[in-house]
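Dropping my_file_38.txt in here (compact mmCIF, C-alpha atoms):
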```txt
# COMPACT_ATOMS: atom_id res chain seq x y z
CA MET A 1411 45.29 114.12 73.02
CA THR A 1412 43.98 110.85 74.46
CA THR A 1413 40.24 110.89 75.10
CA ALA A 1414 37.63 108.43 76.35
CA SER A 1415 34.08 108.54 77.66
CA LEU A 1416 33.49 109.55 81.27
CA LEU A 1417 30.73 108.23 83.53
CA VAL A 1418 30.04 109.75 86.94
CA GLU A 1419 27.23 108.36 89.09
CA LEU A 1420 26.14 109.13 92.62
CA HIS A 1421 23.86 106.49 94.13
CA THR A 1422 21.65 107.80 96.94
CA GLU A 1423 18.61 107.03 98.98
CA GLU A 1424 15.24 108.06 97.53
CA LEU A 1425 15.51 111.58 96.08
CA PRO A 1426 12.64 114.10 96.35
CA PRO A 1427 10.48 113.45 93.23
CA ARG A 1428 9.75 117.12 92.59
CA ALA A 1429 13.43 118.03 92.72
CA LEU A 1430 14.75 115.08 90.72
CA LYS A 1431 14.71 116.76 87.29
CA SER A 1432 16.43 119.94 88.47
CA LEU A 1433 18.99 117.98 90.50
CA SER A 1434 19.76 115.69 87.56
CA GLU A 1435 20.17 118.57 85.11
CA ALA A 1436 22.26 120.62 87.53
CA PHE A 1437 24.53 117.64 88.27
CA ALA A 1438 25.19 117.03 84.57
CA THR A 1439 25.59 120.65 83.52
CA GLY A 1440 27.79 121.38 86.54
CA ILE A 1441 30.22 118.58 85.73
CA GLU A 1442 30.19 119.54 82.05
CA ALA A 1443 30.79 123.25 82.67
CA ASN A 1444 33.60 122.63 85.13
CA LEU A 1445 35.41 120.16 82.87
CA TYR A 1446 34.93 122.43 79.87
CA SER A 1447 36.42 125.42 81.69
CA ARG A 1448 39.41 123.28 82.61
CA GLN A 1449 39.99 122.23 78.98
CA PHE A 1450 39.05 118.54 79.35
CA LEU A 1451 36.23 118.54 76.78
CA THR A 1452 36.42 118.90 73.00
CA THR A 1453 34.01 120.03 70.31
CA GLU A 1454 33.17 116.35 69.87
CA SER A 1455 32.09 115.87 73.50
CA ARG A 1456 28.45 114.93 74.03
CA VAL A 1457 26.73 115.10 77.41
CA THR A 1458 23.91 112.81 78.54
CA PRO A 1459 22.33 113.40 81.98
CA PHE A 1460 20.67 110.60 83.92
CA GLY A 1461 18.27 110.94 86.82
CA ALA A 1462 16.43 108.21 88.70
CA PRO A 1463 14.82 108.07 92.15
CA ARG A 1464 18.08 106.83 93.65
CA ARG A 1465 20.81 108.14 91.38
CA LEU A 1466 22.29 111.19 89.68
CA ALA A 1467 24.62 110.52 86.78
CA VAL A 1468 26.22 112.01 83.69
CA HIS A 1469 27.92 110.42 80.67
CA ILE A 1470 30.28 112.56 78.58
CA THR A 1471 32.09 111.45 75.44
CA SER A 1472 35.57 112.58 74.32
CA VAL A 1473 36.98 113.58 77.70
CA ALA A 1474 40.74 114.12 77.83
CA ALA A 1475 42.90 112.23 80.30
CA ARG A 1476 44.92 115.41 80.72
CA SER A 1477 44.08 118.98 79.80
CA ALA A 1478 46.30 120.80 77.35
CA ASP A 1479 49.02 123.18 78.49
CA GLN A 1480 47.80 126.77 78.26
CA PRO A 1481 49.97 129.77 77.31
CA PHE A 1482 49.40 132.90 79.38
CA ARG A 1483 50.43 136.56 79.45
CA GLN A 1484 50.51 138.39 82.77
CA LYS A 1485 51.33 142.03 83.41
CA LEU A 1486 53.76 142.33 86.32
CA MET A 1487 54.33 146.08 86.73
CA PRO A 1488 55.18 149.27 84.81
CA LEU A 1489 58.73 149.30 83.45
CA ALA A 1490 59.40 152.58 85.28
CA VAL A 1491 58.67 150.85 88.59
CA ALA A 1492 60.45 147.59 87.72
CA ARG A 1493 63.78 149.30 86.90
CA ASP A 1494 65.74 152.00 88.71
CA ALA A 1495 67.71 154.86 87.15
CA ALA A 1496 70.68 152.54 86.57
CA ARG A 1497 68.37 150.10 84.70
CA ASN A 1498 68.69 147.48 87.43
CA TRP A 1499 65.68 145.56 88.72
CA THR A 1500 64.10 147.19 91.75
CA GLN A 1501 63.53 145.28 94.99
CA ALA A 1502 59.78 145.53 94.38
CA PHE A 1503 60.14 143.75 91.04
CA LEU A 1504 62.50 141.10 92.40
CA LYS A 1505 60.03 140.44 95.22
CA LYS A 1506 57.25 140.10 92.63
CA LEU A 1507 59.24 137.52 90.66
CA ASP A 1508 60.08 135.58 93.82
CA GLY A 1509 56.41 135.52 94.78
CA LEU A 1510 55.62 133.94 91.43
CA GLY A 1511 58.35 131.33 91.92
CA ARG A 1512 60.29 132.82 89.00
CA GLY A 1513 63.10 134.71 90.70
CA HIS A 1514 65.59 133.18 88.26
CA LEU A 1515 64.14 135.30 85.44
CA ALA A 1516 65.89 138.34 86.91
CA GLN A 1517 69.12 136.90 85.47
CA VAL A 1518 67.64 136.22 82.03
CA PRO A 1519 67.83 138.96 79.35
CA ILE A 1520 64.55 140.60 78.42
CA GLY A 1521 62.88 138.72 75.58
CA SER A 1522 64.90 135.55 76.18
CA SER A 1523 63.28 132.39 77.42
CA SER A 1524 64.01 130.23 80.44
CA GLY A 1525 62.10 127.08 79.75
CA ALA A 1526 58.56 128.17 78.90
CA ASP A 1527 58.90 131.55 80.65
CA SER A 1528 60.13 134.90 79.42
CA LEU A 1529 59.94 138.55 80.45
CA VAL A 1530 58.80 140.92 77.72
CA VAL A 1531 58.45 144.70 77.57
CA GLU A 1532 55.12 145.68 76.01
CA ASN A 1533 52.88 148.70 75.98
CA ASP A 1534 49.81 148.22 78.19
CA GLY A 1535 47.95 151.07 76.48
CA LYS A 1536 49.33 153.73 78.80
CA ALA A 1537 53.02 153.03 79.21
CA GLU A 1538 55.63 150.34 78.81
CA ALA A 1539 55.30 147.49 81.28
CA ILE A 1540 56.95 144.18 82.07
CA PHE A 1541 54.88 141.14 81.12
CA LEU A 1542 55.46 137.52 81.97
CA HIS A 1543 54.83 135.08 79.13
CA GLY A 1544 54.60 131.46 80.16
CA VAL A 1545 52.70 128.22 80.02
CA THR A 1546 50.40 126.76 82.65
CA ALA A 1547 50.81 122.99 82.74
CA GLY A 1548 47.68 120.95 82.11
CA GLN A 1549 45.91 119.03 84.86
CA ASN A 1550 45.29 115.31 85.04
CA LEU A 1551 41.65 114.24 84.98
CA HIS A 1552 41.74 113.18 88.61
CA SER A 1553 42.43 116.76 89.73
CA GLY A 1554 40.01 118.30 87.27
CA LEU A 1555 37.14 115.96 88.05
CA GLN A 1556 37.66 116.29 91.79
CA ALA A 1557 37.31 120.07 91.52
CA ALA A 1558 34.32 119.67 89.20
CA LEU A 1559 32.57 117.31 91.63
CA ASP A 1560 33.22 119.53 94.63
CA GLU A 1561 31.89 122.65 92.92
CA THR A 1562 28.93 120.89 91.32
CA ILE A 1563 27.73 119.21 94.50
CA ALA A 1564 28.11 122.46 96.45
CA GLY A 1565 25.95 124.26 93.87
CA LEU A 1566 23.11 121.75 93.45
CA PRO A 1567 19.59 123.21 93.92
CA ILE A 1568 18.81 121.13 97.00
CA PRO A 1569 15.37 122.03 98.40
CA LYS A 1570 16.20 120.82 101.91
CA VAL A 1571 19.57 119.58 103.15
CA MET A 1572 19.83 116.45 105.29
CA SER A 1573 22.61 115.79 107.78
CA TYR A 1574 23.71 112.20 108.27
CA GLN A 1575 26.67 110.27 109.64
CA LEU A 1576 29.05 108.14 107.65
CA ALA A 1577 29.83 104.54 108.53
CA ASP A 1578 32.66 105.66 110.82
CA GLY A 1579 30.00 106.95 113.21
CA SER A 1580 31.65 110.35 113.67
CA THR A 1581 31.78 112.17 110.33
CA THR A 1582 28.69 114.22 109.49
CA VAL A 1583 27.80 114.90 105.86
CA GLN A 1584 25.14 117.19 104.42
CA PHE A 1585 23.33 116.38 101.17
CA VAL A 1586 19.82 116.07 99.80
CA ARG A 1587 19.72 112.38 100.84
CA PRO A 1588 22.36 109.97 102.16
CA ALA A 1589 24.72 108.86 99.39
CA HIS A 1590 26.06 105.29 99.36
CA ARG A 1591 28.01 104.70 96.14
CA LEU A 1592 30.14 106.81 93.80
CA VAL A 1593 31.21 105.63 90.33
CA ALA A 1594 33.72 107.54 88.20
CA MET A 1595 34.97 105.73 85.11
CA HIS A 1596 37.13 107.17 82.32
CA GLY A 1597 37.12 104.53 79.64
CA HIS A 1598 38.01 101.35 81.54
CA GLN A 1599 39.82 103.18 84.34
CA VAL A 1600 38.49 104.34 87.71
CA VAL A 1601 39.11 108.03 88.39
CA PRO A 1602 39.95 108.03 92.15
CA VAL A 1603 37.85 111.02 93.17
CA GLN A 1604 35.93 111.42 96.42
CA ALA A 1605 32.59 112.98 97.30
CA LEU A 1606 30.36 113.01 100.37
CA GLY A 1607 32.75 110.68 102.19
CA LEU A 1608 32.73 108.15 99.35
CA MET A 1609 35.66 106.94 97.25
CA ALA A 1610 34.88 106.30 93.59
CA GLY A 1611 34.84 102.70 92.45
CA THR A 1612 33.20 100.42 89.92
CA LYS A 1613 30.22 99.20 91.96
CA THR A 1614 26.72 100.61 91.99
CA LEU A 1615 23.32 99.24 92.91
CA GLY A 1616 20.63 98.20 90.45
CA HIS A 1617 16.87 98.57 90.62
CA ARG A 1618 15.66 97.69 94.11
CA PHE A 1619 13.19 95.10 92.80
CA MET A 1620 14.43 94.07 89.36
CA CYS A 1621 18.19 93.91 90.00
CA LYS A 1622 19.09 93.43 93.63
CA GLY A 1623 22.69 93.48 94.75
CA ASP A 1624 25.85 95.06 93.34
CA VAL A 1625 26.27 95.93 89.69
CA VAL A 1626 29.86 96.26 88.46
CA ILE A 1627 30.59 98.96 85.86
CA HIS A 1628 33.51 97.76 83.73
CA ALA A 1629 33.74 100.81 81.47
CA ALA A 1630 32.14 104.20 81.01
CA ASP A 1631 30.36 103.08 77.84
CA THR A 1632 28.91 99.83 79.21
```
What would you get if you wrote out this structure as structure tokens?
Amino acid sequence: MTTASLLVELHTEELPPRALKSLSEAFATGIEANLYSRQFLTTESRVTPFGAPRRLAVHITSVAARSADQPFRQKLMPLAVARDAARNWTQAFLKKLDGLGRGHLAQVPIGSSSGADSLVVENDGKAEAIFLHGVTAGQNLHSGLQAALDETIAGLPIPKVMSYQLADGSTTVQFVRPAHRLVAMHGHQVVPVQALGLMAGTKTLGHRFMCKGDVVIHAADT
């Protein structure tokens, strides 16, 4: 599994001083928890939150470019309902398979595989039932981080929400303060996620007095 460090930074206007610590911690832990639940982090991953008057950021080591495929086991229905007296599949069971996009499995013998999928008869603790065994394909980091950002931003402990318009003059966004830059770097690569009307890139802004102008982030570890 290929891994690299991940840096996510949201550059904003002046954040409320009293809320900065809680916002910073919630931003970092939210991204971490979401990526962990989606299998992008390893036991080697280390999380470092950053909070400053005009930025929320998190740096995470050992983040996978793609999450691992995950095997699953899903109960479909009792065997007595899935088969009729002639041991043919019932319409209810065929409809269930079609709804899962696996109608072809009706032609595959029980216990035999079609790709990663198979139908298996197992006891569910009460009676015999038909189970689907399969594999859920892993996600790429773009999809996983986009979901993590969306959920994390929606759950931030914002004391008072501001509404503001984007540069297009028509789109209204709500956040704790207007956001102007979004950085998302995995190793040396930009992860093309979006948040608050911003597309992730490599440019951020430095200290307003000590480092005026754009600062280019070339890699997550720099």
Q: Would you please work out which residue, of A:Gly1579, A:Pro1488, A:Gly1548, A:Gly1565, is nearest to A:Asp1534 when using all atoms listed in the file?
A: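 Counting all atoms listed in the file, the residue closest to A:Asp1534 is A:Pro1488.
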Q | Surrounding residues of A:Ser1522 excluding itself and chain neighbours under 6 positions, 12 Å, only C-alpha atoms, as a PyMOL selection string | A | chain A and resi 1515-1516+1528-1531+1542-1544
(Q) Please determine, counting only C-alpha atoms, which residue among A:Arg1465, A:Val1583, A:Phe1541, A:His1552 has the shortest atom-to-atom distance to A:Val1600. (A)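 Checking each of A:Arg1465, A:Val1583, A:Phe1541, A:His1552 against A:Val1600, counting only C-alpha atoms, the winner is A:His1552.
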Q | atom CA of A:Pro1569 to atom CA of A:Ala1436, distance in Å rounded to a single decimal | A | 12.9 Å
Q: State, in Å with one decimal place, the distance from atom CA of A:Phe1437 to atom CA of A:Leu1608.
A: 16.7 Å
Q | Selected residue, from A:Arg1476, A:Lys1536, A:Pro1588, A:Gln1604, that lies nearest to A:Val1571 when counting only C-alpha atoms | A |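 Of the candidates, the smallest distance to A:Val1571 is held by A:Pro1588.
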